[in-house]
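The block underneath contains the structure these notes are about, expressed in structure tokens.
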Amino acid sequence: MSRPRISGTRLAVAGAVTAVLAAGTPVAYASLNDEPRSASSAAPAASTVERGRPFHETRLFFGTERPDGGPAVTDKQFMRFIDEEVTPSFSDGLTVQDGRGQWRDSNGKIERERSYELILLYPTAETRTRDVQIEEIRSDYEKAFAQDSVARLDERTRVDF
């Protein structure tokens, strides 16, 4: 079987197209540290301007069904928990969203339940202090409502209010 022959013109056009595409591809890098840019560094392109300040985002996922078969946590009970246990530590603001969750229990059964997602944003400089407060919130909810766990997701981000 013979190999198809590629003409020099096709090869040159393909190379030129590749070079144009590569040169025109935008590249963006995000910096999430607290260090300010030095005056000598080049200004970022308009599409890569860093906005806001470095923040930490924590999301907590609260289930409402009780593993012991007791009554599910009600909206009123959950909002009282937010008012009494969360708001004192995060009085600058927070977000609560309704959800539907599922997970596999220790017996391998898929469990589905109404849930809540709590979103907390705080400056990265406060991460150590906030970590202790968040772990206390998780522990308090588990104890108050007989829960196996409260899931936690953490990410660094930039925030501009």
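Residues are referred to by chain and number: the chain letter is A, B, ... according to the order shown in the structure tokens, the number counts from 1 in that chain, and ligands are numbered separately from 1 in the order shown.
Neighbouring residues of Glu117 (chain A) at 10 Å or closer, counting only C-alpha atoms and skipping chain neighbours under 6 positions away, are Arg59, Leu60, Phe61, Phe62, Gly63, Thr95, Val96, Gln97, Asp98, Gly99, Arg100, Gly101, Ala151 and Arg152 of chain A.
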Can you write just those residues out, C-alpha atoms, as a compact mmCIF listing (two decimals), in the first residue's frame?
# COMPACT_ATOMS: atom_id res chain seq x y z
CA ARG A 59 -19.80 25.27 51.07
CA LEU A 60 -21.49 23.07 53.63
CA PHE A 61 -24.11 20.49 52.67
CA PHE A 62 -26.70 19.68 55.32
CA GLY A 63 -29.00 16.67 55.00
CA THR A 95 -26.17 32.27 51.40
CA VAL A 96 -28.50 29.34 52.01
CA GLN A 97 -29.86 27.35 49.07
CA ASP A 98 -32.41 24.55 49.02
CA GLY A 99 -31.22 21.32 47.50
CA ARG A 100 -31.94 17.69 46.79
CA GLY A 101 -29.09 15.40 47.71
CA ALA A 151 -20.12 17.63 53.77
CA ARG A 152 -17.63 20.45 53.26
### Task
Pick out each residue of region 81-119 of chain A that DSSP on the backbone tags as strand (DSSP E); I need them as a PyMOL selection string.
chain A and resi 95-104+110-119
Please dump the current selection as an mmCIF file, in the first residue's frame; keep N, CA and C atoms.
data_model
loop_
_atom_site.group_PDB
_atom_site.id
_atom_site.type_symbol
_atom_site.label_atom_id
_atom_site.label_comp_id
_atom_site.auth_asym_id
_atom_site.auth_seq_id
_atom_site.Cartn_x
_atom_site.Cartn_y
_atom_site.Cartn_z
ATOM 1 N N THR A 95 -25.100 32.683 52.320
ATOM 2 C CA THR A 95 -26.167 32.275 51.404
ATOM 3 C C THR A 95 -26.611 30.874 51.758
ATOM 4 N N VAL A 96 -27.931 30.662 51.787
ATOM 5 C CA VAL A 96 -28.504 29.336 52.005
ATOM 6 C C VAL A 96 -29.326 29.004 50.766
ATOM 7 N N GLN A 97 -29.092 27.816 50.221
ATOM 8 C CA GLN A 97 -29.858 27.349 49.069
ATOM 9 C C GLN A 97 -30.514 26.014 49.400
ATOM 10 N N ASP A 98 -31.729 25.837 48.891
ATOM 11 C CA ASP A 98 -32.406 24.551 49.024
ATOM 12 C C ASP A 98 -31.791 23.580 48.029
ATOM 13 N N GLY A 99 -31.772 22.316 48.399
ATOM 14 C CA GLY A 99 -31.217 21.321 47.496
ATOM 15 C C GLY A 99 -31.915 19.983 47.609
ATOM 16 N N ARG A 100 -31.538 19.089 46.748
ATOM 17 C CA ARG A 100 -31.941 17.687 46.787
ATOM 18 C C ARG A 100 -30.645 16.917 46.690
ATOM 19 N N GLY A 101 -30.350 16.120 47.693
ATOM 20 C CA GLY A 101 -29.090 15.396 47.711
ATOM 21 C C GLY A 101 -29.287 13.901 47.677
ATOM 22 N N GLN A 102 -28.210 13.216 47.345
ATOM 23 C CA GLN A 102 -28.227 11.764 47.463
ATOM 24 C C GLN A 102 -26.830 11.294 47.817
ATOM 25 N N TRP A 103 -26.784 10.158 48.479
ATOM 26 C CA TRP A 103 -25.516 9.584 48.908
ATOM 27 C C TRP A 103 -25.725 8.095 49.142
ATOM 28 N N ARG A 104 -24.625 7.351 49.171
ATOM 29 C CA ARG A 104 -24.695 5.917 49.430
ATOM 30 C C ARG A 104 -24.415 5.678 50.900
ATOM 31 N N ILE A 110 -28.687 3.722 48.090
ATOM 32 C CA ILE A 110 -28.724 5.135 47.709
ATOM 33 C C ILE A 110 -29.847 5.810 48.491
ATOM 34 N N GLU A 111 -29.481 6.824 49.234
ATOM 35 C CA GLU A 111 -30.430 7.605 50.026
ATOM 36 C C GLU A 111 -30.610 8.962 49.358
ATOM 37 N N ARG A 112 -31.848 9.408 49.237
ATOM 38 C CA ARG A 112 -32.151 10.722 48.670
ATOM 39 C C ARG A 112 -32.866 11.539 49.738
ATOM 40 N N GLU A 113 -32.529 12.844 49.788
ATOM 41 C CA GLU A 113 -33.149 13.675 50.810
ATOM 42 C C GLU A 113 -33.142 15.145 50.425
ATOM 43 N N ARG A 114 -34.054 15.869 51.021
ATOM 44 C CA ARG A 114 -34.055 17.327 50.928
ATOM 45 C C ARG A 114 -32.813 17.796 51.673
ATOM 46 N N SER A 115 -32.167 18.844 51.166
ATOM 47 C CA SER A 115 -30.943 19.302 51.814
ATOM 48 C C SER A 115 -30.815 20.822 51.697
ATOM 49 N N TYR A 116 -29.785 21.334 52.336
ATOM 50 C CA TYR A 116 -29.466 22.758 52.279
ATOM 51 C C TYR A 116 -27.988 22.896 51.964
ATOM 52 N N GLU A 117 -27.676 23.942 51.199
ATOM 53 C CA GLU A 117 -26.284 24.285 50.924
ATOM 54 C C GLU A 117 -26.036 25.660 51.537
ATOM 55 N N LEU A 118 -25.025 25.743 52.363
ATOM 56 C CA LEU A 118 -24.637 27.005 52.995
ATOM 57 C C LEU A 118 -23.337 27.460 52.345
ATOM 58 N N ILE A 119 -23.324 28.693 51.832
ATOM 59 C CA ILE A 119 -22.132 29.237 51.179
ATOM 60 C C ILE A 119 -21.587 30.367 52.041
#
### Query
Got a sec: who's within 12 Å of Gly70 (chain A), counting only C-alpha atoms, leaving out chain neighbours fewer than 5 positions off, as a VMD selection string?
chain A and resid 64 to 65 145 to 147
Can those selected residues be exported to a file as a PDB file, in the first residue's frame so that it contains N, CA and C atoms?
ATOM      1  N   THR A  64     -31.296  16.454  55.707  1.00  0.00           N
ATOM      2  CA  THR A  64     -32.423  16.668  56.613  1.00  0.00           C
ATOM      3  C   THR A  64     -33.034  15.373  57.144  1.00  0.00           C
ATOM      4  N   GLU A  65     -32.749  14.239  56.496  1.00  0.00           N
ATOM      5  CA  GLU A  65     -33.275  12.956  56.971  1.00  0.00           C
ATOM      6  C   GLU A  65     -32.402  12.467  58.118  1.00  0.00           C
ATOM      7  N   PHE A 145     -29.076  17.282  65.150  1.00  0.00           N
ATOM      8  CA  PHE A 145     -30.058  16.620  64.290  1.00  0.00           C
ATOM      9  C   PHE A 145     -29.691  15.176  63.957  1.00  0.00           C
ATOM     10  N   ALA A 146     -28.857  14.550  64.793  1.00  0.00           N
ATOM     11  CA  ALA A 146     -28.490  13.139  64.643  1.00  0.00           C
ATOM     12  C   ALA A 146     -28.040  12.807  63.220  1.00  0.00           C
ATOM     13  N   GLN A 147     -27.113  13.608  62.700  1.00  0.00           N
ATOM     14  CA  GLN A 147     -26.608  13.393  61.338  1.00  0.00           C
ATOM     15  C   GLN A 147     -25.279  12.645  61.360  1.00  0.00           C
TER      16      GLN A 147
END
Quick one: contact table of region 46-129 of chain A to region 153-160 of chain A, 7 Å max, nearest atom pair and distance in Å to one decimal per residue, counting only C-alpha atoms, chain and number order, as CSV?
residue,atom,partner,partner_atom,distance
A:Arg51,CA,A:Asp160,CA,6.4
A:Gly52,CA,A:Asp160,CA,3.9
A:Arg53,CA,A:Arg158,CA,5.2
A:Pro54,CA,A:Arg158,CA,4.6
A:Phe55,CA,A:Thr157,CA,5.3
A:His56,CA,A:Arg156,CA,4.6
A:Glu57,CA,A:Glu155,CA,5.2
A:Thr58,CA,A:Asp154,CA,4.5
A:Arg59,CA,A:Leu153,CA,5.1
A:Leu60,CA,A:Leu153,CA,6.5
### Message
I'd like the contact shell of Arg80 (chain A) - 12 Å cut-off, only C-alpha atoms, skipping same-chain residues fewer than 6 positions apart - returned as a list in words.
### Response
Val73, Thr74, Val86, Thr87, Tyr141 and Ala144 of chain A
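With CA of Ser89 (chain A) on one side and CA of Gln133 (chain A) on the other, the separation reads 7.0 Å.
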